[in-house]
>>> print(open('coords-v9.pdb').read())   # PDB, C-alpha atoms, pLDDT in the B column
ATOM      1  CA  MET A 177     105.828  32.105-190.197  1.00 38.00           C
ATOM      2  CA  THR A 178     103.056  30.514-188.205  1.00 41.00           C
ATOM      3  CA  HIS A 179     103.071  29.966-184.489  1.00 45.00           C
ATOM      4  CA  SER A 180     101.331  27.475-182.272  1.00 43.00           C
ATOM      5  CA  GLY A 181     102.770  28.312-178.855  1.00 51.00           C
ATOM      6  CA  TYR A 182     100.282  31.102-178.267  1.00 58.00           C
ATOM      7  CA  SER A 183      97.424  28.583-178.152  1.00 50.00           C
ATOM      8  CA  SER A 184      98.513  27.261-174.753  1.00 55.00           C
ATOM      9  CA  GLN A 185      99.359  30.678-173.312  1.00 76.00           C
ATOM     10  CA  VAL A 186      96.247  32.716-174.083  1.00 90.00           C
ATOM     11  CA  ILE A 187      92.479  32.295-174.015  1.00 96.00           C
ATOM     12  CA  SER A 188      90.452  32.934-177.144  1.00 97.00           C
ATOM     13  CA  GLY A 189      88.352  36.074-177.121  1.00 97.00           C
ATOM     14  CA  GLY A 190      86.904  35.292-180.530  1.00 98.00           C
ATOM     15  CA  TYR A 191      87.599  36.179-184.152  1.00 98.00           C
ATOM     16  CA  ILE A 192      86.933  39.353-186.111  1.00 97.00           C
ATOM     17  CA  LEU A 193      87.086  40.287-189.786  1.00 97.00           C
ATOM     18  CA  VAL A 194      89.255  43.388-190.138  1.00 96.00           C
ATOM     19  CA  VAL A 195      89.625  45.611-193.185  1.00 93.00           C
ATOM     20  CA  PRO A 196      93.275  46.769-192.874  1.00 91.00           C
ATOM     21  CA  LEU A 197      93.541  50.444-191.985  1.00 89.00           C
ATOM     22  CA  THR A 198      95.313  52.866-194.291  1.00 85.00           C
ATOM     23  CA  VAL A 199      97.074  54.979-191.679  1.00 83.00           C
ATOM     24  CA  PRO A 200      95.631  58.507-191.651  1.00 80.00           C
ATOM     25  CA  GLU A 201      97.881  61.524-191.431  1.00 80.00           C
ATOM     26  CA  PHE A 202      97.116  62.146-187.756  1.00 76.00           C
ATOM     27  CA  LEU A 203      98.531  58.706-186.866  1.00 77.00           C
ATOM     28  CA  ALA A 204     101.565  58.867-189.137  1.00 73.00           C
ATOM     29  CA  SER A 205     104.807  57.913-187.416  1.00 76.00           C
ATOM     30  CA  PRO A 206     108.203  56.686-188.639  1.00 77.00           C
ATOM     31  CA  ARG A 207     107.567  53.491-186.663  1.00 78.00           C
ATOM     32  CA  LEU A 208     104.176  52.719-188.215  1.00 78.00           C
ATOM     33  CA  PRO A 209     103.590  50.939-191.535  1.00 77.00           C
ATOM     34  CA  PRO A 210     101.324  52.588-194.149  1.00 80.00           C
ATOM     35  CA  ARG A 211      98.640  49.958-193.454  1.00 84.00           C
ATOM     36  CA  LEU A 212      97.976  48.171-190.198  1.00 88.00           C
ATOM     37  CA  ILE A 213      95.697  45.749-188.404  1.00 93.00           C
ATOM     38  CA  THR A 214      93.649  46.985-185.461  1.00 95.00           C
ATOM     39  CA  ALA A 215      90.784  45.528-183.441  1.00 97.00           C
ATOM     40  CA  SER A 216      89.135  48.933-183.008  1.00 96.00           C
ATOM     41  CA  SER A 217      86.029  49.610-185.088  1.00 94.00           C
ATOM     42  CA  ASP A 218      86.566  53.299-184.322  1.00 92.00           C
ATOM     43  CA  LEU A 219      89.488  53.197-186.741  1.00 92.00           C
ATOM     44  CA  THR A 220      88.500  50.707-189.438  1.00 93.00           C
ATOM     45  CA  ALA A 221      85.693  48.460-190.637  1.00 93.00           C
ATOM     46  CA  ILE A 222      85.245  45.311-188.553  1.00 95.00           C
ATOM     47  CA  GLY A 223      82.351  43.014-189.159  1.00 90.00           C
ATOM     48  CA  PRO A 224      79.902  41.727-189.891  1.00 95.00           C
ATOM     49  CA  GLY A 225      78.530  44.209-187.402  1.00 94.00           C
ATOM     50  CA  PRO A 226      75.060  45.421-186.421  1.00 93.00           C
ATOM     51  CA  TRP A 227      74.387  46.407-190.042  1.00 93.00           C
ATOM     52  CA  ALA A 228      74.019  42.685-190.792  1.00 94.00           C
ATOM     53  CA  LEU A 229      71.038  42.268-188.444  1.00 93.00           C
ATOM     54  CA  ALA A 230      67.649  43.134-189.927  1.00 90.00           C
ATOM     55  CA  TRP A 231      66.164  44.122-186.551  1.00 91.00           C
ATOM     56  CA  VAL A 232      68.875  46.691-185.673  1.00 89.00           C
ATOM     57  CA  ASN A 233      68.347  50.393-186.405  1.00 85.00           C
ATOM     58  CA  GLN A 234      70.955  51.399-188.960  1.00 81.00           C
ATOM     59  CA  HIS A 235      73.254  54.407-188.600  1.00 81.00           C
ATOM     60  CA  ASP A 236      75.613  56.126-191.033  1.00 76.00           C
ATOM     61  CA  SER A 237      78.555  54.238-189.523  1.00 78.00           C
ATOM     62  CA  ASP A 238      76.780  50.935-190.204  1.00 82.00           C
ATOM     63  CA  LEU A 239      76.344  51.845-193.864  1.00 86.00           C
ATOM     64  CA  GLN A 240      79.984  52.904-194.144  1.00 88.00           C
ATOM     65  CA  GLU A 241      81.127  49.594-192.705  1.00 89.00           C
ATOM     66  CA  ARG A 242      78.832  47.615-195.001  1.00 91.00           C
ATOM     67  CA  VAL A 243      80.195  49.532-198.000  1.00 90.00           C
ATOM     68  CA  ALA A 244      83.747  48.786-196.824  1.00 90.00           C
ATOM     69  CA  PHE A 245      82.841  45.091-196.829  1.00 91.00           C
ATOM     70  CA  GLY A 246      81.329  45.402-200.302  1.00 90.00           C
ATOM     71  CA  ILE A 247      77.907  44.070-199.269  1.00 91.00           C
ATOM     72  CA  ASP A 248      75.277  45.668-201.543  1.00 90.00           C
ATOM     73  CA  ASP A 249      71.534  46.001-201.017  1.00 90.00           C
ATOM     74  CA  ALA A 250      70.792  42.919-203.103  1.00 93.00           C
ATOM     75  CA  SER A 251      72.988  40.586-201.046  1.00 92.00           C
ATOM     76  CA  LEU A 252      72.178  42.105-197.643  1.00 93.00           C
ATOM     77  CA  PRO A 253      69.095  39.926-196.897  1.00 95.00           C
ATOM     78  CA  GLU A 254      71.089  36.716-197.383  1.00 96.00           C
ATOM     79  CA  VAL A 255      73.877  38.059-195.190  1.00 96.00           C
ATOM     80  CA  SER A 256      71.350  39.087-192.530  1.00 96.00           C
ATOM     81  CA  ASP A 257      69.716  35.660-192.463  1.00 97.00           C
ATOM     82  CA  TRP A 258      73.098  33.972-192.190  1.00 97.00           C
ATOM     83  CA  VAL A 259      74.378  36.229-189.375  1.00 97.00           C
ATOM     84  CA  GLU A 260      71.104  35.865-187.464  1.00 97.00           C
ATOM     85  CA  GLU A 261      71.454  32.087-187.679  1.00 97.00           C
ATOM     86  CA  LYS A 262      75.002  32.289-186.319  1.00 97.00           C
ATOM     87  CA  ARG A 263      73.826  34.595-183.546  1.00 96.00           C
ATOM     88  CA  LEU A 264      71.195  32.115-182.452  1.00 95.00           C
ATOM     89  CA  THR A 265      73.713  29.260-182.408  1.00 96.00           C
ATOM     90  CA  GLY A 266      76.222  31.328-180.415  1.00 95.00           C
ATOM     91  CA  GLU A 267      78.787  31.434-183.234  1.00 97.00           C
ATOM     92  CA  TRP A 268      78.441  35.206-183.698  1.00 97.00           C
ATOM     93  CA  GLY A 269      78.315  37.615-180.786  1.00 96.00           C
ATOM     94  CA  TRP A 270      77.427  41.260-180.324  1.00 95.00           C
ATOM     95  CA  PRO A 271      78.473  43.558-181.790  1.00 96.00           C
ATOM     96  CA  ARG A 272      80.821  42.093-184.426  1.00 96.00           C
ATOM     97  CA  ILE A 273      82.694  38.970-183.352  1.00 97.00           C
ATOM     98  CA  PHE A 274      82.720  35.273-184.148  1.00 98.00           C
ATOM     99  CA  THR A 275      83.213  32.997-181.169  1.00 96.00           C
ATOM    100  CA  GLU A 276      84.878  30.351-183.365  1.00 96.00           C
ATOM    101  CA  LEU A 277      87.194  30.434-186.364  1.00 97.00           C
ATOM    102  CA  LYS A 278      85.057  28.228-188.627  1.00 97.00           C
ATOM    103  CA  PRO A 279      82.135  30.662-189.176  1.00 97.00           C
ATOM    104  CA  ALA A 280      84.572  33.517-189.843  1.00 97.00           C
ATOM    105  CA  LYS A 281      86.115  31.472-192.632  1.00 96.00           C
ATOM    106  CA  GLU A 282      82.655  30.487-193.839  1.00 97.00           C
ATOM    107  CA  PHE A 283      81.615  34.151-194.099  1.00 96.00           C
ATOM    108  CA  LEU A 284      84.614  34.942-196.306  1.00 94.00           C
ATOM    109  CA  ALA A 285      84.058  31.920-198.525  1.00 94.00           C
ATOM    110  CA  ARG A 286      80.314  32.455-198.890  1.00 94.00           C
ATOM    111  CA  PHE A 287      80.070  36.218-199.332  1.00 92.00           C
ATOM    112  CA  ASP A 288      83.532  37.083-200.737  1.00 88.00           C
ATOM    113  CA  PRO A 289      83.586  40.641-199.329  1.00 86.00           C
ATOM    114  CA  THR A 290      85.398  43.076-201.628  1.00 83.00           C
ATOM    115  CA  GLY A 291      87.050  44.889-198.738  1.00 77.00           C
ATOM    116  CA  ALA A 292      89.442  41.915-198.419  1.00 83.00           C
ATOM    117  CA  PRO A 293      89.142  41.657-194.624  1.00 93.00           C
ATOM    118  CA  THR A 294      91.623  39.621-192.625  1.00 94.00           C
ATOM    119  CA  ILE A 295      90.501  37.085-190.024  1.00 97.00           C
ATOM    120  CA  VAL A 296      92.073  38.121-186.722  1.00 97.00           C
ATOM    121  CA  GLY A 297      91.930  36.051-183.563  1.00 97.00           C
ATOM    122  CA  LEU A 298      91.827  37.927-180.266  1.00 98.00           C
ATOM    123  CA  GLY A 299      93.754  36.296-177.458  1.00 97.00           C
ATOM    124  CA  MET A 300      93.993  37.272-173.816  1.00 97.00           C
ATOM    125  CA  ALA A 301      96.605  36.104-171.347  1.00 95.00           C
ATOM    126  CA  ALA A 302      94.975  33.841-168.765  1.00 92.00           C
ATOM    127  CA  GLU A 303      95.954  36.201-165.934  1.00 91.00           C
ATOM    128  CA  PHE A 304      93.505  38.847-167.236  1.00 95.00           C
ATOM    129  CA  VAL A 305      90.533  36.632-168.040  1.00 96.00           C
ATOM    130  CA  ASP A 306      89.081  36.510-164.527  1.00 94.00           C
ATOM    131  CA  GLN A 307      89.308  40.306-164.370  1.00 94.00           C
ATOM    132  CA  VAL A 308      87.306  40.676-167.579  1.00 95.00           C
ATOM    133  CA  LEU A 309      84.662  38.189-166.481  1.00 95.00           C
ATOM    134  CA  ALA A 310      84.334  39.915-163.117  1.00 94.00           C
ATOM    135  CA  ASP A 311      83.800  43.231-164.920  1.00 93.00           C
ATOM    136  CA  HIS A 312      81.102  41.663-167.101  1.00 90.00           C
ATOM    137  CA  PRO A 313      79.010  39.348-164.916  1.00 88.00           C
ATOM    138  CA  ASP A 314      76.217  37.279-166.389  1.00 82.00           C
ATOM    139  CA  GLU A 315      73.014  39.166-165.612  1.00 77.00           C
ATOM    140  CA  PRO A 316      69.604  37.582-166.314  1.00 74.00           C
ATOM    141  CA  GLY A 317      67.822  39.271-169.191  1.00 67.00           C
ATOM    142  CA  MET A 318      70.947  41.072-170.355  1.00 71.00           C
ATOM    143  CA  GLY A 319      72.951  40.265-173.460  1.00 79.00           C
ATOM    144  CA  THR A 320      76.601  39.251-173.402  1.00 89.00           C
ATOM    145  CA  TYR A 321      79.346  40.821-175.493  1.00 95.00           C
ATOM    146  CA  GLY A 322      80.853  38.397-178.000  1.00 96.00           C
ATOM    147  CA  TYR A 323      84.370  38.546-176.604  1.00 97.00           C
ATOM    148  CA  VAL A 324      83.083  37.936-173.073  1.00 97.00           C
ATOM    149  CA  ASP A 325      81.123  34.909-174.255  1.00 95.00           C
ATOM    150  CA  ALA A 326      84.239  33.565-175.972  1.00 97.00           C
ATOM    151  CA  LEU A 327      86.427  34.117-172.892  1.00 96.00           C
ATOM    152  CA  ARG A 328      83.915  32.298-170.703  1.00 95.00           C
ATOM    153  CA  ARG A 329      84.556  29.171-172.744  1.00 94.00           C
ATOM    154  CA  ARG A 330      88.267  29.374-171.791  1.00 94.00           C
ATOM    155  CA  GLY A 331      89.382  27.711-174.993  1.00 94.00           C
ATOM    156  CA  PRO A 332      92.636  28.330-176.877  1.00 94.00           C
ATOM    157  CA  LEU A 333      92.989  30.259-180.094  1.00 95.00           C
ATOM    158  CA  ALA A 334      92.889  28.025-183.150  1.00 94.00           C
ATOM    159  CA  PRO A 335      96.332  26.824-184.261  1.00 91.00           C
ATOM    160  CA  GLY A 336      97.901  27.751-187.578  1.00 92.00           C
ATOM    161  CA  GLY A 337      97.715  31.545-187.330  1.00 94.00           C
ATOM    162  CA  LEU A 338     100.383  34.212-187.636  1.00 94.00           C
ATOM    163  CA  GLU A 339     101.088  35.871-184.315  1.00 94.00           C
ATOM    164  CA  LEU A 340     101.133  39.624-185.033  1.00 95.00           C
ATOM    165  CA  GLY A 341     101.692  40.993-181.545  1.00 95.00           C
ATOM    166  CA  TYR A 342      99.759  42.741-178.793  1.00 96.00           C
ATOM    167  CA  GLU A 343      97.445  45.723-179.236  1.00 97.00           C
ATOM    168  CA  ILE A 344      96.463  47.880-176.259  1.00 98.00           C
ATOM    169  CA  LEU A 345      92.676  47.888-176.297  1.00 98.00           C
ATOM    170  CA  GLY A 346      90.112  49.609-174.105  1.00 97.00           C
ATOM    171  CA  GLU A 347      86.767  47.937-173.449  1.00 94.00           C
ATOM    172  CA  GLU A 348      84.115  50.277-174.786  1.00 93.00           C
ATOM    173  CA  LEU A 349      80.504  50.349-173.610  1.00 90.00           C
ATOM    174  CA  GLY A 350      78.565  48.338-176.184  1.00 91.00           C
ATOM    175  CA  GLY A 351      81.162  45.627-176.732  1.00 94.00           C
ATOM    176  CA  ASP A 352      83.586  47.336-179.104  1.00 95.00           C
ATOM    177  CA  PHE A 353      87.177  48.345-178.426  1.00 97.00           C
ATOM    178  CA  HIS A 354      89.119  51.566-178.370  1.00 95.00           C
ATOM    179  CA  SER A 355      92.746  51.279-179.460  1.00 96.00           C
ATOM    180  CA  TRP A 356      95.664  53.179-178.014  1.00 95.00           C
ATOM    181  CA  HIS A 357      95.890  54.651-181.522  1.00 91.00           C
ATOM    182  CA  CYS A 358      92.508  56.338-181.046  1.00 90.00           C
ATOM    183  CA  ASN A 359      94.326  58.776-178.741  1.00 89.00           C
ATOM    184  CA  TYR A 360      97.657  58.761-180.633  1.00 90.00           C
ATOM    185  CA  LEU A 361      99.442  57.138-177.706  1.00 93.00           C
ATOM    186  CA  GLU A 362     102.054  55.017-179.479  1.00 92.00           C
ATOM    187  CA  PRO A 363     104.549  57.940-179.631  1.00 91.00           C
ATOM    188  CA  LEU A 364     104.004  58.691-175.937  1.00 94.00           C
ATOM    189  CA  VAL A 365     104.444  55.044-174.927  1.00 96.00           C
ATOM    190  CA  HIS A 366     107.610  54.903-177.038  1.00 94.00           C
ATOM    191  CA  GLN A 367     108.936  58.087-175.465  1.00 94.00           C
ATOM    192  CA  LYS A 368     108.144  57.222-171.838  1.00 96.00           C
ATOM    193  CA  LEU A 369     108.717  53.453-171.825  1.00 97.00           C
ATOM    194  CA  GLY A 370     111.019  52.899-174.795  1.00 96.00           C
ATOM    195  CA  ILE A 371     108.643  50.269-176.198  1.00 95.00           C
ATOM    196  CA  GLN A 372     109.097  49.700-179.923  1.00 92.00           C
ATOM    197  CA  VAL A 373     106.294  48.417-182.124  1.00 92.00           C
ATOM    198  CA  ASN A 374     106.999  45.703-184.684  1.00 92.00           C
ATOM    199  CA  ARG A 375     106.310  45.687-188.430  1.00 89.00           C
ATOM    200  CA  TYR A 376     102.599  45.203-187.723  1.00 90.00           C
ATOM    201  CA  ASP A 377     102.514  48.182-185.379  1.00 89.00           C
ATOM    202  CA  LEU A 378     101.975  45.860-182.431  1.00 94.00           C
ATOM    203  CA  ILE A 379     103.975  45.098-179.292  1.00 96.00           C
ATOM    204  CA  GLU A 380     105.986  41.903-179.091  1.00 93.00           C
ATOM    205  CA  GLY A 381     105.920  40.148-175.732  1.00 93.00           C
ATOM    206  CA  LEU A 382     103.328  40.129-172.976  1.00 94.00           C
ATOM    207  CA  GLU A 383     105.496  41.894-170.406  1.00 95.00           C
ATOM    208  CA  ALA A 384     106.047  44.967-172.594  1.00 96.00           C
ATOM    209  CA  ALA A 385     102.366  44.975-173.549  1.00 96.00           C
ATOM    210  CA  ARG A 386     101.328  44.757-169.898  1.00 96.00           C
ATOM    211  CA  LEU A 387     103.512  47.752-169.042  1.00 97.00           C
ATOM    212  CA  ALA A 388     102.065  49.718-171.965  1.00 98.00           C
ATOM    213  CA  ALA A 389      98.486  48.917-170.917  1.00 97.00           C
ATOM    214  CA  GLU A 390      99.178  49.981-167.331  1.00 97.00           C
ATOM    215  CA  PHE A 391     100.700  53.231-168.595  1.00 98.00           C
ATOM    216  CA  VAL A 392      97.794  53.995-170.950  1.00 97.00           C
ATOM    217  CA  GLY A 393      95.370  53.398-168.076  1.00 96.00           C
ATOM    218  CA  ARG A 394      96.985  55.981-165.801  1.00 96.00           C
ATOM    219  CA  PRO A 395      94.778  58.991-164.968  1.00 95.00           C
ATOM    220  CA  ASP A 396      97.425  61.442-166.160  1.00 96.00           C
ATOM    221  CA  VAL A 397      97.582  59.887-169.651  1.00 96.00           C
ATOM    222  CA  PRO A 398      95.160  61.397-172.223  1.00 94.00           C
ATOM    223  CA  ALA A 399      93.325  58.163-173.050  1.00 94.00           C
ATOM    224  CA  GLU A 400      89.656  57.195-173.107  1.00 91.00           C
ATOM    225  CA  PRO A 401      88.384  56.547-169.534  1.00 93.00           C
ATOM    226  CA  VAL A 402      87.975  52.798-170.022  1.00 94.00           C
ATOM    227  CA  THR A 403      89.765  49.670-168.845  1.00 96.00           C
ATOM    228  CA  TRP A 404      92.847  49.030-170.978  1.00 97.00           C
ATOM    229  CA  ARG A 405      94.346  45.574-171.438  1.00 97.00           C
ATOM    230  CA  PRO A 406      96.819  43.890-173.821  1.00 97.00           C
ATOM    231  CA  TRP A 407      95.237  41.654-176.458  1.00 97.00           C
ATOM    232  CA  LEU A 408      97.175  39.303-178.705  1.00 97.00           C
ATOM    233  CA  LEU A 409      96.244  39.568-182.390  1.00 97.00           C
ATOM    234  CA  VAL A 410      96.705  36.472-184.569  1.00 96.00           C
ATOM    235  CA  ALA A 411      96.031  36.540-188.318  1.00 96.00           C
ATOM    236  CA  TYR A 412      94.512  33.632-190.202  1.00 96.00           C
ATOM    237  CA  GLY A 413      95.328  34.490-193.795  1.00 88.00           C
ATOM    238  CA  PRO A 414      96.958  37.471-195.563  1.00 83.00           C
ATOM    239  CA  THR A 415      97.184  40.614-193.438  1.00 83.00           C
ATOM    240  CA  GLY A 416      96.951  43.109-196.290  1.00 72.00           C
ATOM    241  CA  THR A 417      99.621  45.267-194.636  1.00 75.00           C
ATOM    242  CA  SER A 418     102.656  44.552-196.806  1.00 63.00           C
TER     243      SER A 418
END
>>> encode(input="coords-v9.pdb", output="structure tokens")
Amino acid sequence: MTHSGYSSQVISGGYILVVPLTVPEFLASPRLPPRLITASSDLTAIGPGPWALAWVNQHDSDLQERVAFGIDDASLPEVSDWVEEKRLTGEWGWPRIFTELKPAKEFLARFDPTGAPTIVGLGMAAEFVDQVLADHPDEPGMGTYGYVDALRRRGPLAPGGLELGYEILGEELGGDFHSWHCNYLEPLVHQKLGIQVNRYDLIEGLEAARLAAEFVGRPDVPAEPVTWRPWLLVAYGPTGTS
């Protein structure tokens, strides 16, 4: 079932390509599916990331993500040229996000990554956008994270996607996200707040997601010391979780 109502309720924070996560043993829960969608690159491959830029120093994690996307050494130069072009036009932002849906679809069609990533739109309720922009002011000579650039445009998410639900994400230094799953907090949120995740392991409804984000951000909760907010995840194509 597709939804279009979200497009008038949330602001687009961009689009990512997510390789669905096979849930590791430490995250296993009777409420979680065996495979899930997350916007955290700490948990699964999300790209194309810094590995796709020829001028970025590569790390082991970059190679692992490139392998997960099935991009070999022979095809890497073409991918790098393409991503650099999209970076210069503002269609790809650091460290691994498209600011529009079209180039995300183009990447899949052109490079046919074997990891079968899903296009996921990131949406933020309008009430939080000013907070994010205030936390990330435009500073001369400094780069802008891709999701911040997308939020500044204050446009809606593209219509025609499948609304999966809200993930509680923490804004990591460098432009990536932590997930509440990074600290195994879904069971604690369920226990303390009675919030039940849906079949995609996400929270249905902004109010419940807001309460969960506020809880995760409390100093007495064992979460990463970052700012936590609810983000709506919308899939454009098969989710790879069923």
>>> closest_residue(input="coords-v9.pdb", among="A:Val410, A:Cys358, A:Leu277, A:Ala399", to="Gly190 of chain A", atoms="only C-alpha atoms")
A:Leu277
>>> atom_distance(input="coords-v9.pdb", atom1="atom CA of Arg211 of chain A", atom2="atom CA of Asn374 of chain A")
12.8 Å
>>> resolve_selection(input="coords-v9.pdb", expression="the PyMOL selection byres ((chain A and resi 269) around 9)", output="PyMOL selection string")
chain A and resi 190+262-263+266-268+270-275+320-323+325-326
>>> write_last_selection(input="coords-v9.pdb", atoms="C-alpha atoms", output="short mmCIF file (atom, residue, chain, number, x, y, z; two decimals), in the coordinates of the input")
data_model
loop_
_atom_site.label_atom_id
_atom_site.label_comp_id
_atom_site.auth_asym_id
_atom_site.auth_seq_id
_atom_site.Cartn_x
_atom_site.Cartn_y
_atom_site.Cartn_z
CA GLY A 190 86.90 35.29 -180.53
CA LYS A 262 75.00 32.29 -186.32
CA ARG A 263 73.83 34.60 -183.55
CA GLY A 266 76.22 31.33 -180.42
CA GLU A 267 78.79 31.43 -183.23
CA TRP A 268 78.44 35.21 -183.70
CA TRP A 270 77.43 41.26 -180.32
CA PRO A 271 78.47 43.56 -181.79
CA ARG A 272 80.82 42.09 -184.43
CA ILE A 273 82.69 38.97 -183.35
CA PHE A 274 82.72 35.27 -184.15
CA THR A 275 83.21 33.00 -181.17
CA THR A 320 76.60 39.25 -173.40
CA TYR A 321 79.35 40.82 -175.49
CA GLY A 322 80.85 38.40 -178.00
CA TYR A 323 84.37 38.55 -176.60
CA ASP A 325 81.12 34.91 -174.26
CA ALA A 326 84.24 33.56 -175.97
#
>>> residues_around(input="coords-v9.pdb", residues="segment 363-370 of chain A", least_positions_apart="6", cutoff="8 Å", atoms="all atoms listed in the file", output="PyMOL selection string")
chain A and resi 205+388+391-392
>>> residues_around(input="coords-v9.pdb", residues="Leu345 of chain A", least_positions_apart="2", cutoff="7 Å", atoms="all atoms listed in the file", output="JSON, numbers by chain")
{"A": [343, 347, 353, 354, 355, 356, 404, 405, 406, 407]}
>>> axis_aligned_box(input="coords-v9.pdb", around="segment 218-227 of chain A", padding_each_side="4 Å", output="JSON")
{"center_x": 81.9, "center_y": 47.5, "center_z": -187.5, "size_x": 23.1, "size_y": 19.6, "size_z": 14.3}
>>> atom_distance(input="coords-v9.pdb", atom1="atom CA of Leu284 of chain A", atom2="atom CA of Glu260 of chain A")
16.2 Å
>>> closest_residue(input="coords-v9.pdb", among="A:Val402, A:Pro293, A:Gly413, A:Phe287", to="Ala389 of chain A", atoms="only C-alpha atoms")
A:Val402
>>> build_atoms(input="coords-v9.pdb", residues="segment 279-296 of chain A", atoms="N, CA and C atoms", output="CSV table (one decimal), in the frame of the given file")
chain,number,residue,atom,x,y,z
A,279,PRO,N,83.1,29.8,-188.5
A,279,PRO,CA,82.1,30.7,-189.2
A,279,PRO,C,82.8,31.9,-189.8
A,280,ALA,N,83.9,32.4,-189.2
A,280,ALA,CA,84.6,33.5,-189.8
A,280,ALA,C,85.1,33.1,-191.2
A,281,LYS,N,85.7,31.9,-191.3
A,281,LYS,CA,86.1,31.5,-192.6
A,281,LYS,C,84.9,31.3,-193.6
A,282,GLU,N,83.8,30.7,-193.0
A,282,GLU,CA,82.7,30.5,-193.8
A,282,GLU,C,82.1,31.8,-194.4
A,283,PHE,N,82.1,32.9,-193.6
A,283,PHE,CA,81.6,34.2,-194.1
A,283,PHE,C,82.4,34.6,-195.3
A,284,LEU,N,83.8,34.5,-195.2
A,284,LEU,CA,84.6,34.9,-196.3
A,284,LEU,C,84.4,34.1,-197.6
A,285,ALA,N,84.2,32.8,-197.4
A,285,ALA,CA,84.1,31.9,-198.5
A,285,ALA,C,82.7,32.1,-199.2
A,286,ARG,N,81.7,32.4,-198.4
A,286,ARG,CA,80.3,32.5,-198.9
A,286,ARG,C,80.0,33.8,-199.5
A,287,PHE,N,80.5,34.9,-198.9
A,287,PHE,CA,80.1,36.2,-199.3
A,287,PHE,C,81.2,37.0,-200.0
A,288,ASP,N,82.4,36.5,-200.0
A,288,ASP,CA,83.5,37.1,-200.7
A,288,ASP,C,83.6,38.6,-200.7
A,289,PRO,N,83.6,39.2,-199.5
A,289,PRO,CA,83.6,40.6,-199.3
A,289,PRO,C,84.7,41.3,-200.1
A,290,THR,N,84.4,42.4,-200.8
A,290,THR,CA,85.4,43.1,-201.6
A,290,THR,C,86.4,43.9,-200.8
A,291,GLY,N,86.1,44.1,-199.6
A,291,GLY,CA,87.0,44.9,-198.7
A,291,GLY,C,88.3,44.1,-198.3
A,292,ALA,N,88.3,42.8,-198.7
A,292,ALA,CA,89.4,41.9,-198.4
A,292,ALA,C,89.8,41.9,-196.9
A,293,PRO,N,88.8,41.7,-196.1
A,293,PRO,CA,89.1,41.7,-194.6
A,293,PRO,C,90.0,40.5,-194.2
A,294,THR,N,90.8,40.7,-193.2
A,294,THR,CA,91.6,39.6,-192.6
A,294,THR,C,90.9,39.0,-191.4
A,295,ILE,N,91.0,37.7,-191.3
A,295,ILE,CA,90.5,37.1,-190.0
A,295,ILE,C,91.6,37.3,-188.9
A,296,VAL,N,91.2,37.9,-187.8
A,296,VAL,CA,92.1,38.1,-186.7
A,296,VAL,C,91.5,37.5,-185.5
